[in-house]
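Asks: Dropping in query_12.cif, with mmCIF, C-alpha atoms and all ligand atoms.
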```
data_target
loop_
_atom_site.label_atom_id
_atom_site.label_comp_id
_atom_site.auth_asym_id
_atom_site.auth_seq_id
_atom_site.Cartn_x
_atom_site.Cartn_y
_atom_site.Cartn_z
CA MET T 1 -11.73 -35.86 -8.00
CA LYS T 2 -15.25 -34.45 -7.81
CA ALA T 3 -13.96 -31.56 -5.69
CA TYR T 4 -11.19 -31.04 -8.22
CA GLU T 5 -13.65 -30.92 -11.11
CA TRP T 6 -15.83 -28.51 -9.16
CA ALA T 7 -12.92 -26.17 -8.48
CA ARG T 8 -11.54 -26.54 -12.01
CA GLU T 9 -14.73 -25.29 -13.56
CA ARG T 10 -15.04 -22.35 -11.21
CA THR T 11 -11.45 -21.17 -10.80
CA GLY T 12 -8.55 -20.69 -13.14
CA LEU T 13 -6.71 -23.76 -11.86
CA ASP T 14 -6.09 -25.03 -15.38
CA GLN T 15 -4.68 -21.73 -16.56
CA ILE T 16 -2.43 -21.52 -13.51
CA TRP T 17 -1.17 -25.03 -14.15
CA THR T 18 -0.58 -24.28 -17.82
CA ALA T 19 1.17 -20.99 -17.05
CA LEU T 20 3.44 -22.54 -14.45
CA MET T 21 4.07 -26.06 -15.70
CA GLU T 22 3.47 -25.97 -19.43
CA ARG T 23 4.97 -22.68 -20.43
CA LYS T 24 6.34 -22.83 -23.94
CA ILE T 25 10.00 -22.01 -24.22
CA PRO T 26 12.20 -21.84 -27.29
CA GLU T 27 13.66 -25.18 -28.25
CA ALA T 28 16.60 -25.79 -25.95
CA ARG T 29 19.04 -28.66 -25.97
CA GLY T 30 20.55 -30.19 -22.84
CA TRP T 31 21.17 -28.09 -19.80
CA VAL T 32 20.26 -24.79 -21.46
CA GLY T 33 16.60 -25.61 -20.81
CA LEU T 34 17.31 -25.43 -17.10
CA LEU T 35 18.07 -21.72 -17.41
CA TYR T 36 14.35 -21.18 -17.98
CA THR T 37 13.64 -22.42 -14.46
CA LEU T 38 15.53 -19.61 -12.74
CA GLY T 39 12.48 -17.33 -12.58
CA SER T 40 10.34 -20.10 -11.12
CA ALA T 41 13.09 -20.88 -8.62
CA THR T 42 13.05 -17.23 -7.54
CA MET T 43 9.28 -17.37 -7.17
CA MET T 44 9.50 -20.61 -5.17
CA ILE T 45 11.98 -19.02 -2.76
CA PHE T 46 9.70 -16.02 -2.51
CA THR T 47 6.85 -18.29 -1.37
CA VAL T 48 9.09 -19.87 1.25
CA GLN T 49 10.17 -16.40 2.40
CA ALA T 50 6.59 -15.20 2.70
CA VAL T 51 5.53 -18.19 4.78
CA THR T 52 8.60 -18.37 7.03
CA GLY T 53 8.57 -14.58 7.35
CA PHE T 54 5.01 -14.65 8.57
CA LEU T 55 5.94 -17.37 11.06
CA LEU T 56 8.96 -15.46 12.36
CA ALA T 57 6.78 -12.38 12.76
CA THR T 58 4.58 -14.28 15.22
CA ASN T 59 7.50 -14.27 17.68
CA TYR T 60 9.76 -11.45 16.56
CA VAL T 61 9.45 -8.03 18.22
CA PRO T 62 10.54 -5.08 16.06
CA SER T 63 11.87 -2.78 18.73
CA PRO T 64 15.49 -2.02 19.66
CA ASP T 65 15.09 -3.39 23.18
CA HIS T 66 13.43 -6.70 22.24
CA ALA T 67 14.54 -7.54 18.70
CA TYR T 68 17.76 -9.32 19.63
CA ASP T 69 16.22 -11.23 22.55
CA SER T 70 13.20 -12.31 20.54
CA VAL T 71 15.44 -13.68 17.78
CA ARG T 72 17.49 -15.60 20.34
CA TYR T 73 14.24 -16.90 21.78
CA ILE T 74 13.15 -18.16 18.35
CA ASP T 75 16.55 -19.83 17.89
CA SER T 76 16.75 -21.50 21.27
CA GLN T 77 13.23 -22.17 22.50
CA VAL T 78 10.57 -22.20 19.80
CA LEU T 79 9.81 -25.58 18.26
CA PHE T 80 11.55 -25.74 14.85
CA GLY T 81 12.53 -22.11 15.44
CA ARG T 82 16.07 -22.67 14.19
CA VAL T 83 14.80 -24.42 11.07
CA VAL T 84 12.30 -21.72 10.24
CA ARG T 85 14.84 -18.96 10.85
CA GLY T 86 17.47 -20.88 8.88
CA LEU T 87 15.11 -21.26 5.92
CA HIS T 88 14.35 -17.55 5.97
CA HIS T 89 18.02 -16.61 6.37
CA TRP T 90 19.29 -18.72 3.50
CA GLY T 91 16.19 -18.02 1.46
CA ALA T 92 16.96 -14.31 1.67
CA THR T 93 20.48 -14.87 0.39
CA PHE T 94 19.50 -17.20 -2.41
CA MET T 95 16.57 -15.10 -3.50
CA VAL T 96 19.02 -12.36 -4.46
CA VAL T 97 21.31 -14.90 -6.13
CA PHE T 98 18.49 -16.45 -8.16
CA ALA T 99 16.84 -13.15 -9.09
CA VAL T 100 20.19 -11.93 -10.43
CA LEU T 101 20.89 -15.21 -12.25
CA HIS T 102 17.40 -15.06 -13.74
CA MET T 103 18.00 -11.49 -14.88
CA MET T 104 21.31 -12.53 -16.47
CA ARG T 105 19.58 -15.28 -18.39
CA VAL T 106 16.97 -12.81 -19.63
CA TYR T 107 19.74 -10.39 -20.58
CA PHE T 108 22.11 -12.78 -22.32
CA MET T 109 19.33 -14.51 -24.22
CA GLY T 110 17.94 -11.17 -25.29
CA SER T 111 14.54 -12.06 -23.83
CA TYR T 112 13.98 -8.44 -22.82
CA LYS T 113 13.55 -7.34 -26.45
CA TYR T 114 10.28 -6.48 -28.14
CA PRO T 115 7.61 -7.25 -27.10
CA ARG T 116 8.92 -7.82 -23.57
CA GLU T 117 10.27 -4.40 -22.60
CA ALA T 118 7.53 -3.92 -20.02
CA THR T 119 8.31 -7.32 -18.50
CA TRP T 120 11.93 -6.24 -18.18
CA MET T 121 10.91 -3.02 -16.47
CA ALA T 122 8.66 -4.91 -14.07
CA GLY T 123 11.63 -7.18 -13.41
CA VAL T 124 13.87 -4.25 -12.55
CA GLY T 125 11.24 -3.06 -10.06
CA LEU T 126 11.06 -6.54 -8.52
CA LEU T 127 14.84 -6.77 -8.28
CA LEU T 128 14.95 -3.45 -6.40
CA LEU T 129 12.26 -4.76 -4.06
CA VAL T 130 14.27 -7.93 -3.47
CA LEU T 131 17.40 -5.92 -2.68
CA GLY T 132 15.39 -3.63 -0.39
CA PHE T 133 13.94 -6.59 1.52
CA SER T 134 17.34 -8.20 1.65
CA PHE T 135 18.89 -5.15 3.29
CA THR T 136 16.08 -4.30 5.73
CA GLY T 137 15.67 -7.94 6.72
CA TYR T 138 19.39 -8.16 7.46
CA LEU T 139 18.97 -5.42 10.07
CA LEU T 140 16.12 -7.02 11.96
CA PRO T 141 18.08 -9.30 14.38
CA TRP T 142 19.69 -6.12 15.75
CA ASP T 143 22.94 -7.87 16.57
CA GLN T 144 26.32 -6.21 16.01
CA LYS T 145 26.28 -7.04 12.31
CA ALA T 146 22.80 -5.57 11.91
CA TYR T 147 23.64 -2.49 13.94
CA TRP T 148 26.74 -1.57 11.97
CA ALA T 149 25.12 -2.44 8.67
CA THR T 150 22.41 0.05 9.60
CA VAL T 151 25.03 2.66 10.45
CA VAL T 152 26.80 2.11 7.14
CA GLY T 153 23.62 1.85 5.06
CA THR T 154 21.97 4.95 6.46
CA THR T 155 25.22 6.91 6.27
CA ILE T 156 25.50 6.03 2.59
CA ALA T 157 21.94 7.24 2.08
CA GLY T 158 22.95 10.39 4.01
CA THR T 159 25.57 11.29 1.38
CA THR T 160 22.83 12.07 -1.15
CA PRO T 161 23.27 15.71 -2.20
CA PHE T 162 20.92 18.24 -0.54
CA VAL T 163 18.30 15.81 0.83
CA GLY T 164 20.75 13.25 2.29
CA ALA T 165 20.36 14.25 5.93
CA MET T 166 16.59 14.13 5.62
CA ILE T 167 16.64 10.69 3.99
CA ALA T 168 18.94 9.34 6.70
CA ASP T 169 16.63 10.67 9.42
CA ILE T 170 13.63 9.07 7.76
CA LEU T 171 15.40 5.72 7.42
CA ARG T 172 16.60 5.77 11.03
CA GLY T 173 13.32 7.12 12.36
CA SER T 174 15.33 9.60 14.42
CA ASP T 175 18.55 11.58 14.27
CA GLY T 176 20.55 8.71 15.75
CA MET T 177 20.70 4.95 16.04
CA GLY T 178 18.33 3.05 18.28
CA PRO T 179 16.14 4.65 20.93
CA ARG T 180 17.20 8.15 21.98
CA PRO T 181 19.05 7.96 25.27
CA MET H 1 0.28 -40.59 -28.67
CA SER H 2 3.34 -40.44 -30.82
CA GLY H 3 6.10 -38.00 -31.59
CA PRO H 4 9.00 -36.81 -29.45
CA ASP H 5 6.84 -35.70 -26.49
CA GLY H 6 4.97 -38.91 -25.96
CA CYS H 7 7.85 -41.16 -26.75
CA GLY H 8 9.49 -43.25 -24.07
CA CYS H 9 12.59 -44.07 -26.08
CA ALA H 10 15.52 -41.99 -27.13
CA GLY H 11 17.40 -41.81 -30.39
CA LYS H 12 16.23 -43.99 -33.22
CA GLY H 13 12.60 -42.94 -33.54
CA CYS H 14 9.53 -44.07 -31.69
CA THR H 15 8.20 -47.46 -30.89
CA GLU H 16 4.60 -48.19 -30.03
CA LYS H 17 3.94 -47.99 -26.32
CA THR H 18 2.09 -50.60 -24.35
CA PRO H 19 -0.60 -49.16 -22.07
CA GLU H 20 1.55 -49.51 -18.94
CA GLU H 21 4.40 -47.54 -20.41
CA ILE H 22 4.45 -43.85 -19.69
CA GLY H 23 6.08 -41.21 -21.82
CA ARG H 24 8.99 -39.00 -20.85
CA ARG H 25 6.71 -35.98 -20.33
CA ALA H 26 4.29 -37.84 -18.07
CA PHE H 27 7.20 -39.36 -16.14
CA LEU H 28 8.79 -35.98 -15.53
CA THR H 29 5.46 -34.42 -14.56
CA ARG H 30 4.80 -37.16 -12.05
CA THR H 31 8.31 -36.91 -10.64
CA ILE H 32 8.00 -33.15 -10.25
CA VAL H 33 4.59 -33.42 -8.61
CA ALA H 34 5.84 -36.13 -6.23
CA LEU H 35 8.97 -34.19 -5.28
CA SER H 36 6.92 -31.04 -4.78
CA ALA H 37 4.55 -32.95 -2.53
CA VAL H 38 7.46 -34.23 -0.41
CA ILE H 39 9.02 -30.76 -0.14
CA THR H 40 5.66 -29.17 0.65
CA ALA H 41 4.94 -31.80 3.29
CA ALA H 42 8.33 -31.31 4.97
CA LEU H 43 8.05 -27.53 4.95
CA SER H 44 4.44 -27.47 6.14
CA THR H 45 5.10 -29.89 8.98
CA THR H 46 7.92 -27.65 10.15
CA GLY H 47 5.86 -24.48 9.80
CA LEU H 48 2.77 -25.95 11.38
CA GLY H 49 4.74 -27.30 14.34
CA TYR H 50 6.34 -23.90 14.85
CA PHE H 51 2.98 -22.15 14.58
CA VAL H 52 0.96 -24.32 16.98
CA SER H 53 3.77 -25.04 19.48
CA PRO H 54 2.58 -22.48 22.08
CA ALA H 55 -0.49 -24.65 22.65
CA PHE H 56 1.69 -27.60 23.65
CA GLN H 57 4.37 -25.77 25.58
CA ARG H 58 5.39 -27.03 28.99
CA ARG H 59 4.72 -24.20 31.39
CA ASP H 60 6.80 -23.52 34.44
CA GLU H 61 5.05 -24.13 37.70
CA ASP H 62 5.56 -20.93 39.56
CA TRP H 63 5.55 -22.02 43.18
CA VAL H 64 6.10 -19.19 45.61
CA ASP H 65 7.74 -19.59 48.99
CA LEU H 66 5.70 -18.05 51.80
CA GLY H 67 8.13 -18.63 54.66
CA ARG H 68 8.28 -21.06 57.55
CA ALA H 69 5.14 -23.12 58.01
CA GLY H 70 5.52 -22.85 61.76
CA ASP H 71 4.91 -19.10 61.57
CA PHE H 72 1.27 -19.66 60.69
CA LYS H 73 -0.83 -20.07 63.83
CA ALA H 74 -4.01 -22.09 64.06
CA GLY H 75 -7.13 -19.95 64.14
CA ALA H 76 -5.28 -16.81 63.05
CA PRO H 77 -5.48 -16.43 59.26
CA ARG H 78 -2.77 -14.18 57.94
CA LEU H 79 -2.52 -12.15 54.75
CA VAL H 80 0.84 -12.82 53.17
CA GLU H 81 2.10 -10.52 50.46
CA PHE H 82 4.57 -11.90 47.99
CA THR H 83 6.33 -10.97 44.79
CA GLN H 84 6.23 -13.46 42.01
CA ARG H 85 8.85 -13.56 39.29
CA LYS H 86 7.63 -15.01 36.05
CA ARG H 87 9.62 -15.78 32.96
CA ASP H 88 7.83 -15.72 29.65
CA ALA H 89 10.12 -16.13 26.65
CA TRP H 90 12.86 -13.51 27.19
CA VAL H 91 10.87 -11.29 29.53
CA THR H 92 10.97 -11.62 33.29
CA SER H 93 8.17 -9.80 35.00
CA GLU H 94 7.32 -9.30 38.64
CA ARG H 95 3.84 -9.46 39.97
CA ARG H 96 2.90 -8.46 43.50
CA SER H 97 0.06 -10.36 44.99
CA ALA H 98 -1.15 -11.80 48.27
CA ALA H 99 -2.80 -14.85 49.83
CA TRP H 100 -4.78 -15.49 52.97
CA VAL H 101 -3.22 -18.50 54.69
CA VAL H 102 -5.39 -20.48 57.08
CA THR H 103 -4.50 -23.48 59.22
CA SER H 104 -6.52 -25.23 61.84
CA ASP H 105 -3.79 -27.51 63.14
CA GLY H 106 -0.47 -26.08 61.98
CA LYS H 107 0.00 -29.08 59.68
CA THR H 108 -2.42 -28.60 56.82
CA PHE H 109 -2.70 -25.23 55.15
CA THR H 110 -5.23 -23.57 52.93
CA ALA H 111 -4.42 -20.48 50.87
CA PHE H 112 -7.18 -18.21 49.55
CA ASP H 113 -7.06 -15.81 46.66
CA PRO H 114 -7.42 -12.38 48.33
CA ARG H 115 -10.24 -11.27 46.04
CA CYS H 116 -13.86 -11.71 47.01
CA THR H 117 -15.69 -14.12 44.69
CA HIS H 118 -18.52 -11.63 44.35
CA LEU H 119 -16.94 -8.75 42.45
CA GLY H 120 -13.30 -8.91 43.43
CA CYS H 121 -12.91 -6.64 46.47
CA PRO H 122 -10.18 -7.44 49.00
CA TYR H 123 -11.86 -8.93 52.03
CA ARG H 124 -10.48 -8.98 55.58
CA TRP H 125 -10.41 -11.29 58.56
CA ASP H 126 -12.63 -10.36 61.45
CA ALA H 127 -11.00 -11.89 64.54
CA GLY H 128 -14.03 -11.19 66.74
CA SER H 129 -16.42 -13.36 64.74
CA SER H 130 -13.73 -15.57 63.13
CA ARG H 131 -15.00 -14.80 59.66
CA PHE H 132 -13.84 -13.21 56.46
CA ILE H 133 -15.88 -10.11 55.72
CA CYS H 134 -15.98 -8.22 52.46
CA PRO H 135 -16.47 -4.48 52.86
CA CYS H 136 -17.98 -3.96 49.43
CA HIS H 137 -21.32 -5.75 49.57
CA THR H 138 -21.05 -7.56 52.93
CA ALA H 139 -20.23 -11.06 51.72
CA VAL H 140 -19.21 -13.25 54.67
CA PHE H 141 -17.04 -16.38 54.44
CA GLY H 142 -16.07 -18.92 57.07
CA PRO H 143 -12.42 -19.78 57.81
CA ASP H 144 -12.88 -22.70 55.39
CA GLY H 145 -13.87 -20.25 52.64
CA LYS H 146 -17.54 -21.29 52.52
CA VAL H 147 -20.12 -18.56 51.91
CA LEU H 148 -21.99 -17.80 55.12
CA SER H 149 -24.07 -14.89 53.86
CA GLY H 150 -24.16 -12.14 51.29
CA PRO H 151 -24.04 -12.04 47.50
CA ALA H 152 -20.91 -14.15 46.83
CA PRO H 153 -21.80 -16.89 44.31
CA ARG H 154 -19.17 -19.42 45.41
CA PRO H 155 -16.64 -20.12 48.17
CA LEU H 156 -13.33 -18.26 48.20
CA ASP H 157 -10.98 -19.27 45.40
CA GLN H 158 -7.96 -21.25 46.57
CA TYR H 159 -4.29 -21.57 45.70
CA GLN H 160 -2.62 -24.95 45.78
CA THR H 161 -0.32 -25.36 48.78
CA LYS H 162 2.53 -27.69 49.55
CA LEU H 163 5.14 -28.12 52.26
CA GLU H 164 8.77 -28.08 51.21
CA GLY H 165 10.51 -29.30 54.32
CA SER H 166 9.49 -26.86 56.98
CA ARG H 167 8.48 -24.17 54.50
CA LEU H 168 5.12 -23.43 52.98
CA ALA H 169 4.79 -22.83 49.24
CA ILE H 170 1.78 -21.90 47.14
CA LEU H 171 0.96 -21.92 43.45
CA PRO H 172 -0.74 -18.55 42.99
CA LYS H 173 -3.27 -19.52 40.38
CA ALA H 174 -6.81 -19.11 41.65
CA GLU H 175 -8.81 -22.35 41.55
CA GLN H 176 -12.56 -22.22 41.95
CA ILE H 177 -14.13 -24.39 44.60
CA THR H 178 -17.78 -25.12 43.95
C1 LIG Q 1 11.13 -11.32 -7.43
C2 LIG Q 1 11.94 -11.69 -8.38
C3 LIG Q 1 11.48 -12.34 -9.69
C4 LIG Q 1 10.59 -13.38 -9.85
C5 LIG Q 1 9.83 -14.13 -8.75
C6 LIG Q 1 10.50 -13.63 -11.28
C7 LIG Q 1 9.72 -14.62 -11.87
C8 LIG Q 1 9.71 -14.89 -13.22
C9 LIG Q 1 9.24 -16.10 -13.82
C10 LIG Q 1 8.61 -17.30 -13.08
C11 LIG Q 1 9.40 -16.00 -15.17
C12 LIG Q 1 9.11 -17.11 -16.23
C13 LIG Q 1 10.31 -17.36 -17.17
C14 LIG Q 1 11.64 -17.73 -16.58
O1 LIG Q 1 11.67 -18.23 -15.45
O2 LIG Q 1 12.68 -17.55 -17.25
C15 LIG Q 1 9.94 -14.70 -15.43
C16 LIG Q 1 10.22 -14.17 -16.69
C17 LIG Q 1 10.84 -12.95 -16.92
N1 LIG Q 1 11.45 -12.14 -16.00
FE1 LIG Q 1 11.37 -12.43 -14.00
N2 LIG Q 1 11.30 -12.74 -11.93
C18 LIG Q 1 11.93 -11.94 -11.01
C19 LIG Q 1 12.85 -10.93 -11.26
C20 LIG Q 1 13.16 -10.43 -12.52
C21 LIG Q 1 14.20 -9.45 -12.81
C22 LIG Q 1 15.15 -8.85 -11.75
C23 LIG Q 1 14.17 -9.22 -14.16
C24 LIG Q 1 15.03 -8.29 -14.99
C25 LIG Q 1 15.24 -7.03 -14.68
C26 LIG Q 1 13.11 -10.04 -14.71
C27 LIG Q 1 12.74 -10.04 -16.06
C28 LIG Q 1 11.99 -11.05 -16.64
C29 LIG Q 1 11.69 -11.11 -18.07
C30 LIG Q 1 12.09 -10.11 -19.17
C31 LIG Q 1 10.97 -12.32 -18.23
C32 LIG Q 1 10.44 -12.88 -19.56
C33 LIG Q 1 11.48 -13.84 -20.09
C34 LIG Q 1 10.96 -14.61 -21.27
O3 LIG Q 1 9.77 -14.45 -21.60
O4 LIG Q 1 11.76 -15.38 -21.82
N3 LIG Q 1 12.55 -10.77 -13.72
N4 LIG Q 1 10.15 -14.05 -14.24
S1 LIG Q 2 -17.13 -7.76 46.08
FE1 LIG Q 2 -17.19 -8.71 47.96
S2 LIG Q 2 -19.24 -8.63 48.43
FE2 LIG Q 2 -19.23 -7.71 46.49
#
```
What is this structure when it is put down as structure tokens?
Replies:
Amino acid sequence: MKAYEWARERTGLDQIWTALMERKIPEARGWVGLLYTLGSATMMIFTVQAVTGFLLATNYVPSPDHAYDSVRYIDSQVLFGRVVRGLHHWGATFMVVFAVLHMMRVYFMGSYKYPREATWMAGVGLLLLVLGFSFTGYLLPWDQKAYWATVVGTTIAGTTPFVGAMIADILRGSDGMGPRP
Amino acid sequence: MSGPDGCGCAGKGCTEKTPEEIGRRAFLTRTIVALSAVITAALSTTGLGYFVSPAFQRRDEDWVDLGRAGDFKAGAPRLVEFTQRKRDAWVTSERRSAAWVVTSDGKTFTAFDPRCTHLGCPYRWDAGSSRFICPCHTAVFGPDGKVLSGPAPRPLDQYQTKLEGSRLAILPKAEQIT
């Protein structure tokens, strides 16, 4: 407890606790109150993604000739590798789901209105980041699904008027898929 | 404390609480903290195990076959070159290396790392004097690997050997003999 008191006086622990656990919400009856937890749920998943992502990165190799094998290695040989990969896989899916649900709650409750327009705009930026991570992460295992998703995704980007070809080249890092033969 | 937040009962207003009773808010807080602790513990154990597992990995013993034991003649050390295949995760790599194999009776075998213990030059066997001689700074070793003269700080490093039936195998990991 002494250590806690020491840290409490010197850091913002109390404020963090208050901000996270004692946030005031409008009076809500029954299950409606739960809707206010969707943002925190998204944040919780984000934490899990950051930690498991870091762990996966200690074994994953981001190159076309090792990506697939290193993912199989994580799955089949690393201790808890399947669990860590599974958490990250499902976390990625549910982070999108929860971010969107959270945004819907903000929208339908009108929480984006004055004085929270800037919060809404920040939220839009975060949602785009989430979708970006979700797509790029999907490509990393470099299996068939990832390969063809990359083909489709970069081709869609390539249909942008005028600069499309350039954008596609930048995204692919080359004028084709994978290492040049 | 009184009022809806501190009240342990539902519906028809509040009753006084005895000291052991906890309110709804405190109960929920404790439950959330406890559940979070359990989840955090489960996730951190998993993550920590994953992270530190390389330190506790079982490593393959990479024994290398050097051919028939009978081909090694007493008193005639021979440099055997071999290619070692190693698997690490999904990568198989080949390493070419060599060993000096010595036997005095054709039954027990010693294998030396082919690098001089002074600064790593490849030494050779001098049949005339029955010694290993290093060309770099004239270190001289006996057939048992002991330093006879020169700047080498310790005897020749050895590889573990074993007989598999009639064949000789070594574990090409240099072990210092002091
Ligand atoms: C990375 C994804 C996101 C995380 C981690 C996150 C986190 C949070 C958290 C913890 C809250 C507290 C209130 C609550 O949970 O309802 C919150 C509020 C809010 N979020 Fe998000 N959010 C994310 C994405 C978004 C998106 C996509 C939008 C909308 C475009 C958005 C708009 C808002 C707004 C307007 C509030 C204030 C709501 C209020 O005060 O009632 N957020 N966010
Ligand atoms: S390296 Fe052999 S004597 Fe110096």
Asks: Taking 2 positions as the minimum chain separation for residues in the same chain, which residues sit within 8 Å of Ala99 of chain T when counting all atoms listed in the file? Answer as a list in words.
Replies: Leu38, Gly39, Thr42, Met95, Val96, Val97, Leu101, His102, Met103 and Leu127 of chain T
Asks: Smallest atom-to-atom distance to chain H: which of T:Phe54, T:Tyr36, T:Trp6, T:Trp148, using all atoms listed in the file?
Replies: T:Phe54
Asks: How many Å lie between atom C14 of ligand LIG 1 (chain Q) and atom CA of Phe27 of chain H, rounded to one decimal?
Replies: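 Here the two named atoms are 22.1 Å from each other.
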Asks: Specify as an mmCIF file with C-alpha atoms, in the coordinates of the input all residues of chain T found within 9 Å of chain H, counting only C-alpha atoms.
Replies:
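Output file selection.cif is given in full below:
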```
data_model
loop_
_atom_site.group_PDB
_atom_site.id
_atom_site.type_symbol
_atom_site.label_atom_id
_atom_site.label_comp_id
_atom_site.auth_asym_id
_atom_site.auth_seq_id
_atom_site.Cartn_x
_atom_site.Cartn_y
_atom_site.Cartn_z
ATOM 1 C CA MET T 21 4.070 -26.060 -15.700
ATOM 2 C CA VAL T 48 9.090 -19.870 1.250
ATOM 3 C CA VAL T 51 5.530 -18.190 4.780
ATOM 4 C CA THR T 52 8.600 -18.370 7.030
ATOM 5 C CA LEU T 55 5.940 -17.370 11.060
ATOM 6 C CA THR T 58 4.580 -14.280 15.220
ATOM 7 C CA HIS T 66 13.430 -6.700 22.240
ATOM 8 C CA ASP T 69 16.220 -11.230 22.550
ATOM 9 C CA SER T 70 13.200 -12.310 20.540
ATOM 10 C CA ARG T 72 17.490 -15.600 20.340
ATOM 11 C CA TYR T 73 14.240 -16.900 21.780
ATOM 12 C CA GLN T 77 13.230 -22.170 22.500
ATOM 13 C CA VAL T 78 10.570 -22.200 19.800
ATOM 14 C CA LEU T 79 9.810 -25.580 18.260
ATOM 15 C CA PHE T 80 11.550 -25.740 14.850
ATOM 16 C CA GLY T 81 12.530 -22.110 15.440
ATOM 17 C CA VAL T 83 14.800 -24.420 11.070
ATOM 18 C CA VAL T 84 12.300 -21.720 10.240
#
```
Asks: Using only C-alpha atoms, determine which residues lie at most 12 Å from Ala127 of chain H, disregarding the query and same-chain residues fewer than 6 positions distant; provide the list as a ChimeraX atom specification.
Replies: /H:75-78,133,142-143
Asks: Which residues are near ligand LIG 2 (chain Q) in this structure, taking near to mean any atom at most 7 Å from a ligand atom and counting all atoms listed in the file? Format them as a ChimeraX atom specification.
Replies: /H:116-121,123,134-139,150-152
Asks: Selected residues, C-alpha atoms, written as a JSON list (two decimals), in the frame of the given file, please.
Replies:
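Result file follows (result_29.json):
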```
[["chain", "number", "residue", "atom", "x", "y", "z"],
["H", 116, "CYS", "CA", -13.86, -11.71, 47.01],
["H", 117, "THR", "CA", -15.69, -14.12, 44.69],
["H", 118, "HIS", "CA", -18.52, -11.63, 44.35],
["H", 119, "LEU", "CA", -16.94, -8.75, 42.45],
["H", 120, "GLY", "CA", -13.30, -8.91, 43.43],
["H", 121, "CYS", "CA", -12.91, -6.64, 46.47],
["H", 123, "TYR", "CA", -11.86, -8.93, 52.03],
["H", 134, "CYS", "CA", -15.98, -8.22, 52.46],
["H", 135, "PRO", "CA", -16.47, -4.48, 52.86],
["H", 136, "CYS", "CA", -17.98, -3.96, 49.43],
["H", 137, "HIS", "CA", -21.32, -5.75, 49.57],
["H", 138, "THR", "CA", -21.05, -7.56, 52.93],
["H", 139, "ALA", "CA", -20.23, -11.06, 51.72],
["H", 150, "GLY", "CA", -24.16, -12.14, 51.29],
["H", 151, "PRO", "CA", -24.04, -12.04, 47.50],
["H", 152, "ALA", "CA", -20.91, -14.15, 46.83]]
```
Asks: With distances taken over all atoms listed in the file, which of T:Val32, T:Ile156, T:Ala57, T:Ala168 is nearest to ligand LIG 1 (chain Q)?
Replies: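 Checking each candidate against ligand LIG 1 (chain Q), we get T:Val32 as the closest.
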Asks: Hey, could you pull the box centre and edge lengths for ligand LIG 1 (chain Q), axis-aligned, 6 Å padding per side, all listed atoms, to one decimal in Å, as lines of an AutoDock Vina configuration file?
Replies:
```
center_x = 11.9
center_y = -12.6
center_z = -14.6
size_x = 18.6
size_y = 23.2
size_z = 26.4
```
Asks: Quick one: distance from atom C27 of ligand LIG 1 (chain Q) to atom CA of Trp90 of chain T in Å, one decimal?
Replies: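 Taking atom C27 of ligand LIG 1 (chain Q) and atom CA of Trp90 of chain T, their separation equals 22.4 Å.
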Asks: Which one of T:Thr160, T:Thr11, T:Asn59, T:Thr47 sits closest to ligand LIG 1 (chain Q) if you count all atoms listed in the file?
Replies: T:Thr47
Asks: Counting only C-alpha atoms and all ligand atoms, which protein, DNA or RNA residues come within 10 Å of ligand LIG 1 (chain Q), given as a PyMOL selection string?
Replies: chain T and resi 19-20+23-26+33-47+95-96+98-107+109-131
